[in-house]
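Visitor: Contents of work18.txt (compact mmCIF, C-alpha atoms) are below:
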# COMPACT_ATOMS: atom_id res chain seq x y z
CA MET F 43 132.80 -318.91 -49.40
CA ASP F 44 129.85 -317.82 -47.31
CA ALA F 45 126.75 -316.00 -48.60
CA ALA F 46 126.47 -313.74 -45.56
CA VAL F 47 130.11 -312.71 -45.84
CA LEU F 48 129.77 -312.05 -49.58
CA HIS F 49 126.65 -309.97 -48.92
CA ARG F 50 128.39 -307.88 -46.25
CA ARG F 51 131.51 -307.32 -48.33
CA THR F 52 129.66 -306.24 -51.44
CA ASN F 53 127.17 -304.04 -49.59
CA MET F 54 129.88 -302.29 -47.57
CA HIS F 55 132.60 -302.46 -50.27
CA ASP F 56 134.78 -303.88 -47.50
CA GLU F 57 137.47 -306.57 -47.88
CA CYS F 58 137.01 -306.45 -51.65
CA VAL F 59 138.07 -304.50 -54.71
CA PRO F 60 135.22 -302.08 -55.51
CA PRO F 61 133.63 -302.41 -58.98
CA ASP F 62 134.86 -299.10 -60.39
CA LEU F 63 138.43 -300.02 -59.44
CA VAL F 64 138.04 -303.49 -61.00
CA ASP F 65 137.08 -301.75 -64.25
CA ARG F 66 140.12 -299.52 -63.91
CA LEU F 67 142.41 -302.52 -63.38
CA LEU F 68 141.07 -304.14 -66.55
CA ALA F 69 141.50 -300.90 -68.48
CA LEU F 70 145.14 -300.72 -67.33
CA GLY F 71 145.80 -304.26 -68.55
CA HIS F 72 145.77 -306.11 -65.22
CA ALA F 73 143.34 -308.80 -66.36
CA GLU F 74 145.37 -311.65 -64.82
CA LEU F 75 145.31 -309.95 -61.44
CA VAL F 76 141.52 -309.63 -61.67
CA ARG F 77 141.20 -313.26 -62.75
CA GLY F 78 143.36 -314.38 -59.83
CA GLN F 79 141.13 -312.61 -57.31
CA ALA F 80 138.01 -313.95 -59.05
CA VAL F 81 139.00 -317.61 -58.75
CA ALA F 82 140.74 -317.44 -55.36
CA GLU F 83 139.47 -319.76 -52.65
CA ASP F 84 138.02 -316.79 -50.79
CA GLY F 85 137.21 -314.97 -53.99
CA ASP F 86 136.39 -311.34 -54.65
CA TRP F 87 132.86 -310.99 -56.03
CA PHE F 88 133.37 -307.84 -58.07
CA CYS F 89 136.45 -309.35 -59.71
CA ALA F 90 134.52 -312.56 -60.39
CA ARG F 91 131.60 -310.70 -61.92
CA ALA F 92 133.84 -308.58 -64.14
CA TRP F 93 135.90 -311.58 -65.25
CA ALA F 94 132.79 -313.66 -65.99
CA ARG F 95 131.31 -310.85 -68.06
CA LEU F 96 134.56 -310.51 -69.98
CA LEU F 97 134.59 -314.24 -70.74
CA ALA F 98 130.93 -314.24 -71.75
CA GLY F 99 131.60 -311.31 -74.04
CA ARG F 100 134.24 -313.41 -75.78
CA GLY F 101 131.72 -316.19 -76.31
CA GLU F 102 133.20 -318.35 -73.52
CA LEU F 103 129.97 -318.79 -71.57
CA ASP F 104 130.84 -322.13 -69.99
CA GLU F 105 134.08 -320.68 -68.62
CA ALA F 106 132.20 -317.63 -67.34
CA LEU F 107 129.67 -319.77 -65.49
CA GLU F 108 132.49 -321.84 -64.04
CA VAL F 109 133.95 -318.68 -62.50
CA LEU F 110 130.58 -317.84 -60.91
CA ALA F 111 129.80 -321.41 -59.79
CA PRO F 112 131.45 -321.24 -56.32
CA TYR F 113 129.57 -318.02 -55.55
CA VAL F 114 126.27 -319.45 -56.76
CA ALA F 115 126.87 -322.59 -54.70
CA THR F 116 126.69 -320.53 -51.49
CA GLY F 117 122.99 -319.90 -52.18
CA TRP F 118 123.60 -316.17 -52.59
CA TRP F 119 120.92 -314.70 -54.82
CA THR F 120 123.12 -311.92 -56.22
CA ALA F 121 125.49 -314.47 -57.76
CA ALA F 122 122.64 -316.62 -59.08
CA ALA F 123 121.01 -313.56 -60.66
CA GLU F 124 124.26 -312.70 -62.49
CA ALA F 125 124.71 -316.27 -63.70
CA ALA F 126 121.10 -316.37 -64.93
CA ARG F 127 121.57 -313.10 -66.78
CA LEU F 128 124.62 -314.45 -68.60
CA MET F 129 122.78 -317.70 -69.42
CA ASP F 130 119.81 -315.84 -70.85
CA ALA F 131 122.01 -313.47 -72.88
CA GLY F 132 123.89 -316.49 -74.17
CA GLY F 133 120.79 -318.23 -75.49
CA ARG F 134 120.32 -320.62 -72.58
CA GLY F 135 117.08 -319.24 -71.19
CA GLU F 136 115.73 -322.57 -69.93
CA GLU F 137 118.81 -323.05 -67.76
CA ALA F 138 118.36 -319.53 -66.42
CA VAL F 139 114.75 -320.30 -65.47
CA THR F 140 115.85 -323.50 -63.72
CA LEU F 141 118.47 -321.59 -61.74
CA VAL F 142 116.18 -318.74 -60.69
CA ARG F 143 113.02 -320.71 -59.87
CA PRO F 144 114.12 -322.08 -56.45
CA PHE F 145 115.05 -318.59 -55.24
CA ALA F 146 111.62 -317.29 -56.28
CA SER F 147 109.95 -320.22 -54.49
CA GLN F 148 111.82 -319.28 -51.31
CA GLY F 149 110.22 -315.82 -51.30
CA GLU F 150 113.03 -313.76 -52.82
CA LEU F 151 110.98 -311.00 -54.48
CA SER F 152 113.70 -309.87 -56.87
CA ALA F 153 114.06 -313.51 -57.97
CA LEU F 154 110.31 -313.67 -58.60
CA HIS F 155 110.62 -310.50 -60.65
CA ASP F 156 113.46 -311.95 -62.74
CA LEU F 157 111.75 -315.32 -63.09
CA ALA F 158 108.54 -313.75 -64.40
CA LEU F 159 110.38 -311.71 -67.02
CA LEU F 160 112.44 -314.74 -68.04
CA LEU F 161 109.30 -316.84 -68.46
CA ALA F 162 107.61 -314.12 -70.48
CA ARG F 163 110.61 -313.79 -72.81
CA HIS F 164 110.62 -317.53 -73.42
CA GLY F 165 106.98 -318.12 -74.29
CA GLN F 166 105.60 -318.79 -70.81
CA GLY F 167 103.88 -315.46 -70.26
CA GLU F 168 100.71 -316.91 -68.74
CA GLU F 169 102.67 -318.62 -65.98
CA ALA F 170 104.56 -315.38 -65.36
CA TYR F 171 101.29 -313.45 -65.16
CA GLU F 172 99.82 -315.85 -62.61
CA LEU F 173 102.98 -315.68 -60.50
CA LEU F 174 102.84 -311.89 -60.39
CA LEU F 175 99.11 -311.37 -59.83
CA PRO F 176 99.16 -311.85 -56.03
CA HIS F 177 101.91 -309.23 -55.73
CA VAL F 178 100.31 -306.23 -57.40
CA THR F 179 100.87 -304.14 -54.25
CA ASP F 180 104.66 -304.52 -54.51
CA TRP F 181 106.03 -301.71 -56.68
CA MET F 182 108.77 -303.77 -58.32
CA LEU F 183 106.57 -306.77 -59.09
CA ALA F 184 103.78 -304.47 -60.26
CA GLU F 185 106.20 -303.04 -62.83
CA ALA F 186 106.87 -306.56 -64.09
CA LEU F 187 103.13 -307.29 -64.12
CA VAL F 188 102.59 -304.32 -66.42
CA GLU F 189 105.25 -305.54 -68.84
CA VAL F 190 104.01 -309.13 -68.84
CA GLY F 191 100.31 -308.27 -68.87
CA VAL F 192 100.49 -305.82 -71.76
CA GLY F 193 102.63 -308.28 -73.69
CA LEU F 194 99.86 -310.87 -73.32
CA GLY F 195 97.16 -308.41 -74.40
CA ARG F 196 95.79 -308.24 -70.85
CA GLY F 197 96.58 -304.60 -70.27
CA ASP F 198 92.99 -303.71 -69.37
CA GLU F 199 92.99 -306.34 -66.61
CA VAL F 200 96.21 -304.90 -65.18
CA ALA F 201 94.75 -301.40 -65.43
CA GLU F 202 91.70 -302.47 -63.39
CA LEU F 203 93.96 -303.87 -60.68
CA LEU F 204 95.95 -300.64 -60.54
CA GLU F 205 92.78 -298.54 -60.49
CA ALA F 206 91.65 -300.51 -57.45
CA CYS F 207 94.96 -299.71 -55.73
CA ARG F 208 94.12 -296.01 -55.82
CA ALA F 209 90.40 -296.33 -55.11
CA PRO F 210 88.89 -293.90 -52.52
CA GLY F 211 88.41 -295.44 -49.09
CA MET F 212 91.22 -297.94 -49.53
CA PRO F 213 92.79 -298.72 -46.12
CA CYS F 214 95.91 -296.75 -45.34
CA ALA F 215 99.02 -298.91 -45.70
CA HIS F 216 100.41 -297.34 -42.51
CA CYS F 217 97.55 -297.61 -40.02
CA GLY F 218 95.01 -299.84 -41.77
CA SER F 219 92.15 -297.34 -41.50
CA PRO F 220 90.14 -296.26 -44.58
CA GLU F 221 89.28 -293.01 -42.75
CA CYS F 222 92.91 -292.04 -42.23
CA GLY F 223 92.86 -289.45 -45.01
CA ARG F 224 96.42 -290.09 -46.12
CA PRO F 225 96.86 -290.09 -49.90
CA TYR F 226 98.75 -293.37 -49.67
CA MET F 227 98.65 -296.22 -52.18
CA GLU F 228 100.22 -299.62 -52.50
CA PRO F 229 102.09 -299.79 -54.72
CA PHE F 230 103.21 -296.18 -54.37
CA ASN F 231 103.65 -295.97 -58.17
CA ALA F 232 100.18 -297.27 -59.06
CA VAL F 233 99.22 -294.13 -61.00
CA ASN F 234 102.54 -294.08 -62.88
CA LEU F 235 102.09 -297.73 -63.81
CA LEU F 236 98.49 -297.20 -64.91
CA ALA F 237 99.73 -294.49 -67.28
CA LEU F 238 102.44 -296.84 -68.50
CA VAL F 239 99.83 -299.46 -69.35
CA ARG F 240 97.90 -296.95 -71.44
CA GLU F 241 101.08 -295.73 -73.14
CA LYS F 242 102.12 -299.30 -74.03
CA GLN F 243 98.63 -299.85 -75.46
CA GLY F 244 99.10 -296.84 -77.72
CA ARG F 245 96.55 -294.78 -75.77
CA THR F 246 98.86 -291.83 -75.14
CA ASP F 247 96.15 -289.23 -74.45
CA GLU F 248 94.70 -291.44 -71.73
CA ALA F 249 98.17 -291.93 -70.24
CA ILE F 250 98.64 -288.16 -70.10
CA ALA F 251 95.25 -287.71 -68.44
CA VAL F 252 96.15 -290.31 -65.82
CA LEU F 253 99.38 -288.50 -64.97
CA HIS F 254 97.51 -285.21 -64.62
CA SER F 255 95.36 -286.84 -61.90
CA PRO F 256 96.33 -287.00 -58.19
CA GLY F 257 98.82 -289.66 -57.20
CA ALA F 258 101.43 -289.43 -59.95
CA THR F 259 104.83 -289.74 -58.31
CA VAL F 260 108.25 -288.33 -59.14
CA VAL F 261 110.70 -291.27 -59.10
CA ASN F 262 114.48 -290.90 -59.15
CA ASN F 263 114.08 -287.17 -59.72
CA ARG F 264 112.11 -287.79 -62.90
CA ASP F 265 108.59 -286.50 -63.47
CA PRO F 266 106.67 -289.28 -65.28
CA LEU F 267 104.45 -286.85 -67.20
CA ALA F 268 107.41 -284.82 -68.42
CA GLU F 269 109.21 -288.00 -69.50
CA LEU F 270 106.14 -289.26 -71.36
CA LEU F 271 105.69 -285.96 -73.19
CA VAL F 272 109.35 -286.01 -74.25
CA ARG F 273 109.10 -289.60 -75.49
CA HIS F 274 106.19 -288.61 -77.73
CA ASP F 275 107.73 -285.32 -78.85
CA ARG F 276 104.86 -283.28 -77.37
CA ILE F 277 107.11 -280.42 -76.38
CA ASP F 278 104.46 -277.69 -76.52
CA GLU F 279 102.46 -279.62 -73.93
CA LEU F 280 105.59 -279.97 -71.80
CA ARG F 281 106.09 -276.21 -71.97
CA ALA F 282 102.48 -275.65 -70.91
CA TYR F 283 102.88 -278.11 -68.04
CA VAL F 284 106.03 -276.36 -66.81
CA ALA F 285 104.33 -272.97 -67.06
CA GLY F 286 101.34 -274.26 -65.10
CA THR F 287 101.39 -276.94 -62.43
CA GLY F 288 104.60 -278.67 -63.45
CA THR F 289 107.15 -279.90 -60.95
CA HIS F 290 110.75 -278.80 -60.52
CA GLU F 291 111.74 -282.05 -62.22
CA ALA F 292 109.62 -281.18 -65.26
CA LEU F 293 111.28 -277.78 -65.44
CA ARG F 294 114.70 -279.41 -65.41
CA ARG F 295 113.66 -281.94 -68.07
CA LEU F 296 112.56 -279.18 -70.41
CA ALA F 297 115.83 -277.32 -69.90
CA GLU F 298 117.80 -280.53 -70.49
CA LEU F 299 115.91 -281.17 -73.70
CA LEU F 300 116.59 -277.68 -75.00
CA GLU F 301 120.28 -277.92 -74.11
CA GLU F 302 120.55 -281.32 -75.83
CA GLY F 303 119.09 -279.71 -78.96
CA GLY F 304 121.65 -276.90 -78.89
CA ASP F 305 119.24 -274.23 -77.63
CA VAL F 306 121.28 -273.11 -74.62
CA ALA F 307 119.64 -269.69 -74.56
CA GLY F 308 116.23 -271.35 -74.40
CA ALA F 309 117.34 -273.58 -71.51
CA VAL F 310 118.68 -270.58 -69.60
CA ASP F 311 115.42 -268.73 -70.20
CA VAL F 312 113.39 -271.67 -68.85
CA TYR F 313 115.32 -271.65 -65.58
CA ARG F 314 115.08 -267.87 -65.24
CA LYS F 315 111.39 -267.71 -66.14
CA TYR F 316 109.95 -270.63 -64.17
CA GLY F 317 112.41 -271.34 -61.36
CA ASP F 318 111.03 -269.13 -58.59
CA GLU F 319 109.28 -271.87 -56.63
CA ASP F 320 112.52 -273.78 -56.03
CA ARG F 321 114.92 -270.89 -56.34
CA LEU F 322 117.95 -272.47 -54.71
CA ASN F 323 117.89 -275.71 -56.70
CA THR F 324 117.15 -273.80 -59.88
CA ALA F 325 120.11 -271.48 -59.25
CA VAL F 326 122.43 -274.48 -58.96
CA LEU F 327 121.12 -276.06 -62.17
CA LEU F 328 121.35 -272.76 -64.03
CA ALA F 329 124.89 -272.11 -62.80
CA GLU F 330 126.00 -275.59 -63.85
CA LEU F 331 124.43 -275.08 -67.28
CA LEU F 332 126.20 -271.75 -67.76
CA ALA F 333 129.53 -273.19 -66.62
CA ARG F 334 129.23 -276.10 -69.08
CA HIS F 335 129.00 -273.57 -71.90
CA GLY F 336 131.92 -271.34 -70.92
CA ARG F 337 129.88 -268.74 -69.08
CA GLY F 338 131.48 -269.18 -65.67
CA ALA F 339 131.35 -265.50 -64.75
CA GLU F 340 127.56 -265.50 -65.20
CA ALA F 341 127.37 -268.73 -63.19
CA ILE F 342 129.15 -267.06 -60.28
CA GLU F 343 126.68 -264.19 -60.27
CA VAL F 344 123.79 -266.65 -60.27
CA MET F 345 125.23 -268.49 -57.27
CA ARG F 346 125.93 -265.28 -55.39
CA ALA F 347 122.28 -264.31 -55.58
CA PRO F 348 120.73 -266.95 -53.26
CA ASP F 349 120.91 -265.73 -49.68
CA SER F 350 122.13 -269.08 -48.40
CA ALA F 351 125.23 -270.39 -46.70
CA GLU F 352 124.28 -274.03 -47.18
CA ASP F 353 127.42 -276.08 -47.65
CA TRP F 354 126.45 -277.61 -50.99
CA VAL F 355 125.70 -274.17 -52.46
CA VAL F 356 128.96 -272.64 -51.24
CA ASP F 357 130.84 -275.70 -52.51
CA LEU F 358 129.69 -275.08 -56.08
CA LEU F 359 130.41 -271.36 -55.82
CA CYS F 360 133.98 -272.00 -54.66
CA LYS F 361 134.54 -274.44 -57.51
CA LEU F 362 133.32 -271.81 -59.95
CA PHE F 363 135.68 -269.20 -58.46
CA ALA F 364 138.60 -271.61 -58.84
CA ALA F 365 137.67 -272.55 -62.42
CA GLU F 366 137.48 -268.88 -63.38
CA GLY F 367 140.89 -268.08 -61.86
CA ARG F 368 139.26 -266.02 -59.11
CA ALA F 369 140.35 -268.05 -56.09
CA GLU F 370 141.07 -264.95 -53.99
CA GLU F 371 137.44 -263.86 -54.39
CA GLY F 372 136.38 -267.30 -53.26
CA LEU F 373 138.46 -266.97 -50.09
CA ALA F 374 136.97 -263.54 -49.46
CA HIS F 375 133.49 -265.04 -49.79
CA LEU F 376 134.36 -267.68 -47.18
CA ASP F 377 135.77 -264.97 -44.90
CA ALA F 378 132.49 -263.06 -45.13
CA LEU F 379 130.50 -266.21 -44.31
CA LYS F 380 132.72 -266.93 -41.32
CA ALA F 381 132.27 -263.39 -40.03
CA ARG F 382 128.50 -263.67 -40.41
CA ARG F 383 128.21 -267.08 -38.76
CA GLY F 384 130.86 -266.54 -36.09
CA GLU F 385 132.46 -269.95 -36.75
CA GLU F 386 133.71 -272.12 -39.57
CA GLU F 387 133.02 -275.82 -39.10
CA TRP F 388 134.94 -278.27 -41.25
CA GLU F 389 132.30 -278.59 -43.97
CA LEU F 390 132.93 -274.96 -44.91
CA PHE F 391 136.58 -274.77 -43.87
CA ARG F 392 137.52 -277.65 -46.22
CA LEU F 393 136.56 -275.44 -49.17
CA ARG F 394 139.52 -273.17 -48.40
CA GLY F 395 142.14 -275.77 -49.30
CA PRO F 396 141.61 -275.94 -53.08
CA LEU F 397 141.28 -272.15 -53.28
CA MET F 398 144.50 -271.60 -51.33
CA ALA F 399 146.28 -274.21 -53.46
CA ALA F 400 145.09 -272.37 -56.57
CA CYS F 401 146.73 -269.25 -55.13
CA GLY F 402 150.04 -271.10 -54.65
CA ARG F 403 149.55 -271.46 -50.88
CA LEU F 404 149.37 -275.25 -50.57
CA ASP F 405 151.73 -275.55 -47.58
CA GLU F 406 149.72 -272.92 -45.74
CA ALA F 407 146.50 -274.73 -46.59
CA VAL F 408 147.85 -278.02 -45.20
CA ALA F 409 149.09 -276.34 -42.01
CA GLU F 410 145.77 -274.59 -41.41
CA ALA F 411 143.83 -277.80 -42.02
CA ARG F 412 145.91 -279.67 -39.46
CA ALA F 413 145.44 -276.85 -36.94
CA HIS F 414 141.65 -276.79 -37.35
CA PRO F 415 139.74 -278.14 -34.31
CA GLU F 416 138.42 -280.98 -36.48
CA GLY F 417 141.72 -281.46 -38.32
CA GLY F 418 142.49 -284.77 -36.62
CA SER F 419 139.18 -286.41 -37.56
CA TRP F 420 138.99 -289.19 -40.16
CA TYR F 421 136.92 -287.05 -42.52
CA ALA F 422 139.32 -284.11 -42.30
CA THR F 423 142.24 -286.44 -42.99
CA GLU F 424 140.49 -287.82 -46.05
CA SER F 425 139.71 -284.31 -47.28
CA LEU F 426 143.32 -283.25 -46.78
CA ALA F 427 144.54 -286.31 -48.67
CA CYS F 428 142.29 -285.41 -51.61
CA LEU F 429 143.74 -281.90 -51.59
CA LEU F 430 147.28 -283.31 -51.74
CA ILE F 431 146.30 -285.66 -54.60
CA ASP F 432 144.70 -282.87 -56.60
CA SER F 433 147.75 -280.69 -55.98
CA GLY F 434 150.15 -283.29 -57.36
CA HIS F 435 151.44 -284.78 -54.10
CA PRO F 436 150.05 -288.33 -54.15
CA GLU F 437 152.84 -289.92 -52.07
CA GLU F 438 152.16 -287.47 -49.23
CA ALA F 439 148.48 -288.39 -49.43
CA VAL F 440 149.34 -292.11 -49.16
CA ALA F 441 151.38 -291.44 -46.02
CA LEU F 442 148.50 -289.50 -44.51
CA LEU F 443 145.78 -292.15 -44.91
CA ASP F 444 145.20 -294.93 -42.38
CA ALA F 445 145.05 -298.35 -44.07
CA ASP F 446 143.00 -299.78 -41.18
CA ARG F 447 140.10 -297.40 -41.75
CA LEU F 448 137.49 -298.36 -44.37
CA ASP F 449 136.78 -294.72 -45.20
CA HIS F 450 140.52 -294.22 -45.84
CA ARG F 451 140.97 -297.43 -47.81
CA ARG F 452 138.39 -296.26 -50.34
CA PRO F 453 140.56 -293.40 -51.68
CA LEU F 454 143.84 -295.15 -50.84
CA GLY F 455 143.23 -298.18 -53.08
CA PRO F 456 142.69 -296.22 -56.33
CA LEU F 457 145.55 -293.89 -55.39
CA LEU F 458 147.99 -296.80 -55.07
CA VAL F 459 146.80 -298.16 -58.43
CA GLU F 460 147.47 -294.85 -60.15
CA LEU F 461 150.94 -294.81 -58.55
CA GLY F 462 151.65 -298.21 -60.10
CA ARG F 463 151.46 -300.05 -56.79
CA VAL F 464 148.71 -302.31 -58.07
CA GLU F 465 149.28 -305.51 -56.12
CA GLU F 466 149.76 -303.52 -52.93
CA ALA F 467 146.39 -301.84 -53.56
CA VAL F 468 144.57 -305.14 -54.12
CA THR F 469 146.17 -306.73 -51.05
CA LEU F 470 145.19 -303.73 -48.95
CA LEU F 471 141.59 -303.74 -50.12
CA ARG F 472 141.20 -307.51 -49.67
CA THR F 473 142.82 -307.74 -46.22
CA PRO F 474 140.35 -307.91 -43.30
CA ARG F 475 140.49 -304.84 -41.12
CA PRO F 476 140.74 -305.02 -37.34
CA HIS F 477 137.22 -304.75 -35.99
CA THR F 478 136.75 -303.05 -32.64
CA PRO F 479 133.42 -303.21 -30.81
CA PRO F 480 131.48 -299.92 -30.84
CA PRO F 481 131.52 -297.93 -27.59
CA LYS F 482 128.66 -298.48 -25.20
CA PRO F 483 125.89 -295.96 -25.90
CA THR F 484 125.42 -293.11 -23.48
CA ALA F 485 122.19 -291.33 -22.67
CA TYR F 486 123.03 -288.44 -24.99
CA SER F 487 125.93 -287.27 -27.11
CA ASP F 488 126.31 -284.43 -29.57
CA THR F 489 129.64 -285.69 -30.94
CA PRO F 490 130.40 -288.75 -33.09
CA PRO F 491 129.65 -291.58 -32.63
CA PHE F 492 126.17 -290.40 -31.80
Do you think you could lay out the structure here as structure tokens?

Guide:
Amino acid sequence: MDAAVLHRRTNMHDECVPPDLVDRLLALGHAELVRGQAVAEDGDWFCARAWARLLAGRGELDEALEVLAPYVATGWWTAAAEAARLMDAGGRGEEAVTLVRPFASQGELSALHDLALLLARHGQGEEAYELLLPHVTDWMLAEALVEVGVGLGRGDEVAELLEACRAPGMPCAHCGSPECGRPYMEPFNAVNLLALVREKQGRTDEAIAVLHSPGATVVNNRDPLAELLVRHDRIDELRAYVAGTGTHEALRRLAELLEEGGDVAGAVDVYRKYGDEDRLNTAVLLAELLARHGRGAEAIEVMRAPDSAEDWVVDLLCKLFAAEGRAEEGLAHLDALKARRGEEEWELFRLRGPLMAACGRLDEAVAEARAHPEGGSWYATESLACLLIDSGHPEEAVALLDADRLDHRRPLGPLLVELGRVEEAVTLLRTPRPHTPPPKPTAYSDTPPF
């Protein structure tokens, strides 16, 4: 095994069984097949990880670590991190620290993060704190510093460091000038983390005040102030925030909370009342909410309102038409868009297939797709295969897909598994593809590859 090869395969999901399909194989009772790929000389990482976790879950930790040992021996951090996690969960924290420490010493920041948290969990918090202090400008390590520092009762020290990160006149991280004027901080989440320190200290009002100040950052589509208010059941304040300066993410969080509590009407009202600033995104969220609660006809009217032909908006609208048994109306909507735009590129044309199939016109849909100017492209072929699968013609889809293309192997592997051709699927996914050198770049091209 080679660390670089393992890294490429897992990052690209190439020459390996992808993790979701490994889970599916286990669910279908193919544990021995997964085990065989895990312990093969040129093993499959996702199979090895799943098999090791299964063994550890049975209390067979030594056997689990034995499965991971060849991968760890390559010096690949991902494998070492998984082995350390299993060790720690199995009550062997000191061994986990010993395994992770060399990677942290070599400058692997995620290893330093894991090492610090391991040390803190096992009574060596001061060492963890000292390891993290020089890295306060790294967002991930700063998160760990908050956890470790507050746990040691040194939250105020961490807060001072984070305050300094957002101090006026601090040099811009892009150009190095304090006069740049960019509202840029390192770490980017300094304000969020400062609020987290105060929250962990039980100083919730201060945390809220921090998040009302400039610099708070939405992360992973989550507004930190909205999340904090929900955690502390301060829903009236969340409503006031949404009605005032709140973000689109805060609006969505309030609607989610109301829906979770069974107040669907209240969630709908929130979207209708406060969604004007991000009308298109709000329309999509509102339509999805209505559809989840059997109000598909209302959802269609919501999606018809935005004056937009953006592909992702039309995609949802066509799905709603199909779900409501109104496929012909969906086709008419696409016809109107085509007439308005004067053309129908594949991203919109592909939406016709499911609607035509719903009208009993599958053969016509396939013929039109093949005749489309982009019908011979890899992405059109994949889209057509998905249409055949959804329409109950999986064998035709298998014949259509090219096993030498990575983007075709991704749907082909799971399809073969569902057809009972499990070993064929695994062999296909694990077999190296022919690699052709990319074409020499030209001065300019407006067609793939760009």

Visitor: Find the residue from F:Leu159, F:Ala307, F:Leu97, F:Leu397 that sits nearest to Gly132 (chain F); use all atoms listed in the file when measuring.

Guide: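 Of the candidates, the smallest distance to Gly132 (chain F) is held by F:Leu97.
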
Visitor: To one decimal in Å, tell me the separation between CA of Leu430 (chain F) and CA of Leu457 (chain F).

Guide: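 Computing it gives 11.3 Å between the two atoms.
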
Visitor: Rounded to one decimal place, report the CA of Thr120 (chain F)-CA of Thr473 (chain F) distance in Å.

Guide: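 The value is 22.5 Å.
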
Visitor: Considering all atoms listed in the file, return as a list of chain:residue names whatever protein or nucleic-acid residues lie within 9 Å of Asp320 (chain F), sequence-local ones (same chain, fewer than 4 positions apart) excluded.

Guide: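 Using all atoms listed in the file, the neighbours found are F:His290, F:Thr324, F:Ala325.
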
Visitor: My list of candidates is F:Arg245, F:Pro176, F:Gly193, F:Leu471. Which is closest to Pro61 (chain F) when distances are computed with all atoms listed in the file?

Guide: F:Leu471

Visitor: What does the distance between CA of Lys315 (chain F) and CA of Asp265 (chain F) come to in Å, to one decimal place?

Guide: 19.2 Å

Visitor: Using all atoms listed in the file, which residue out of F:Pro436, F:Glu424, F:Leu270, F:Ala121 lies closest to His450 (chain F)?

Guide: F:Glu424

Visitor: Taking (114.9, -272.1, -62.9) as a centre in this file's frame and 9 Å as the limit, can you find every polymer residue with an atom that close, using only C-alpha atoms, and give them as a list in words?

Guide: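 Nearby residues: His290, Leu293, Arg294, Ala297, Val310, Asp311, Val312, Tyr313, Arg314, Lys315, Tyr316, Gly317, Asp318, Glu319, Asp320, Arg321, Leu322, Asn323, Thr324, Ala325, Val326, Leu327 and Leu328 of chain F.
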
Visitor: Kindly export the residues of the current selection with C-alpha atoms, as a CSV table (one decimal), in the frame of the given file.

Guide:
chain,number,residue,atom,x,y,z
F,290,HIS,CA,110.8,-278.8,-60.5
F,293,LEU,CA,111.3,-277.8,-65.4
F,294,ARG,CA,114.7,-279.4,-65.4
F,297,ALA,CA,115.8,-277.3,-69.9
F,310,VAL,CA,118.7,-270.6,-69.6
F,311,ASP,CA,115.4,-268.7,-70.2
F,312,VAL,CA,113.4,-271.7,-68.8
F,313,TYR,CA,115.3,-271.6,-65.6
F,314,ARG,CA,115.1,-267.9,-65.2
F,315,LYS,CA,111.4,-267.7,-66.1
F,316,TYR,CA,110.0,-270.6,-64.2
F,317,GLY,CA,112.4,-271.3,-61.4
F,318,ASP,CA,111.0,-269.1,-58.6
F,319,GLU,CA,109.3,-271.9,-56.6
F,320,ASP,CA,112.5,-273.8,-56.0
F,321,ARG,CA,114.9,-270.9,-56.3
F,322,LEU,CA,118.0,-272.5,-54.7
F,323,ASN,CA,117.9,-275.7,-56.7
F,324,THR,CA,117.2,-273.8,-59.9
F,325,ALA,CA,120.1,-271.5,-59.2
F,326,VAL,CA,122.4,-274.5,-59.0
F,327,LEU,CA,121.1,-276.1,-62.2
F,328,LEU,CA,121.4,-272.8,-64.0

Visitor: If we count all atoms listed in the file, what is near Tyr421 (chain F) at a cut-off of 10 Å, once residues fewer than 5 positions away on the same chain are taken out, given as a list in words?

Guide: Trp388, Glu389, Glu416, Leu426, Ala427, Asp449 and His450 of chain F

Visitor: Emit the selected residues as an mmCIF file, keeping the file's coordinate frame, including C-alpha atoms.

Guide:
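As written to disk, selection00.cif reads:
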data_model
loop_
_atom_site.group_PDB
_atom_site.id
_atom_site.type_symbol
_atom_site.label_atom_id
_atom_site.label_comp_id
_atom_site.auth_asym_id
_atom_site.auth_seq_id
_atom_site.Cartn_x
_atom_site.Cartn_y
_atom_site.Cartn_z
ATOM 1 C CA TRP F 388 134.940 -278.270 -41.250
ATOM 2 C CA GLU F 389 132.300 -278.590 -43.970
ATOM 3 C CA GLU F 416 138.420 -280.980 -36.480
ATOM 4 C CA LEU F 426 143.320 -283.250 -46.780
ATOM 5 C CA ALA F 427 144.540 -286.310 -48.670
ATOM 6 C CA ASP F 449 136.780 -294.720 -45.200
ATOM 7 C CA HIS F 450 140.520 -294.220 -45.840
#

Visitor: Can you tell me which residues surround Trp119 (chain F) at a distance of at most 9 Å, considering only C-alpha atoms, apart from same-chain residues fewer than 3 positions away, and format the answer as a list in words?

Guide: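 Final neighbour list, sorted by chain and number: Ala45, Val114, Thr116, Ala122, Ala123, Glu124, Val142, Phe145, Glu150, Ser152 and Ala153 of chain F.
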
Visitor: Within 10 Å of (128.2, -271.2, -63.3) (file coordinates; only C-alpha atoms), which protein or nucleic acid residues are there? I'd like them as a count of residues only.

Guide: 28

Visitor: I need the residue nearest Ala73 (chain F) from this list: F:Leu175, F:Val200, F:Arg412, F:Ala90. Use only C-alpha atoms for the distance.

Guide: F:Ala90

Visitor: Got a sec: who's within 8 Å of Ala369 (chain F), counting all atoms listed in the file, leaving out chain neighbours fewer than 2 positions off, as JSON, numbers by chain?

Guide: {"F": [360, 363, 364, 366, 367, 371, 372, 373, 397, 398, 400, 401]}
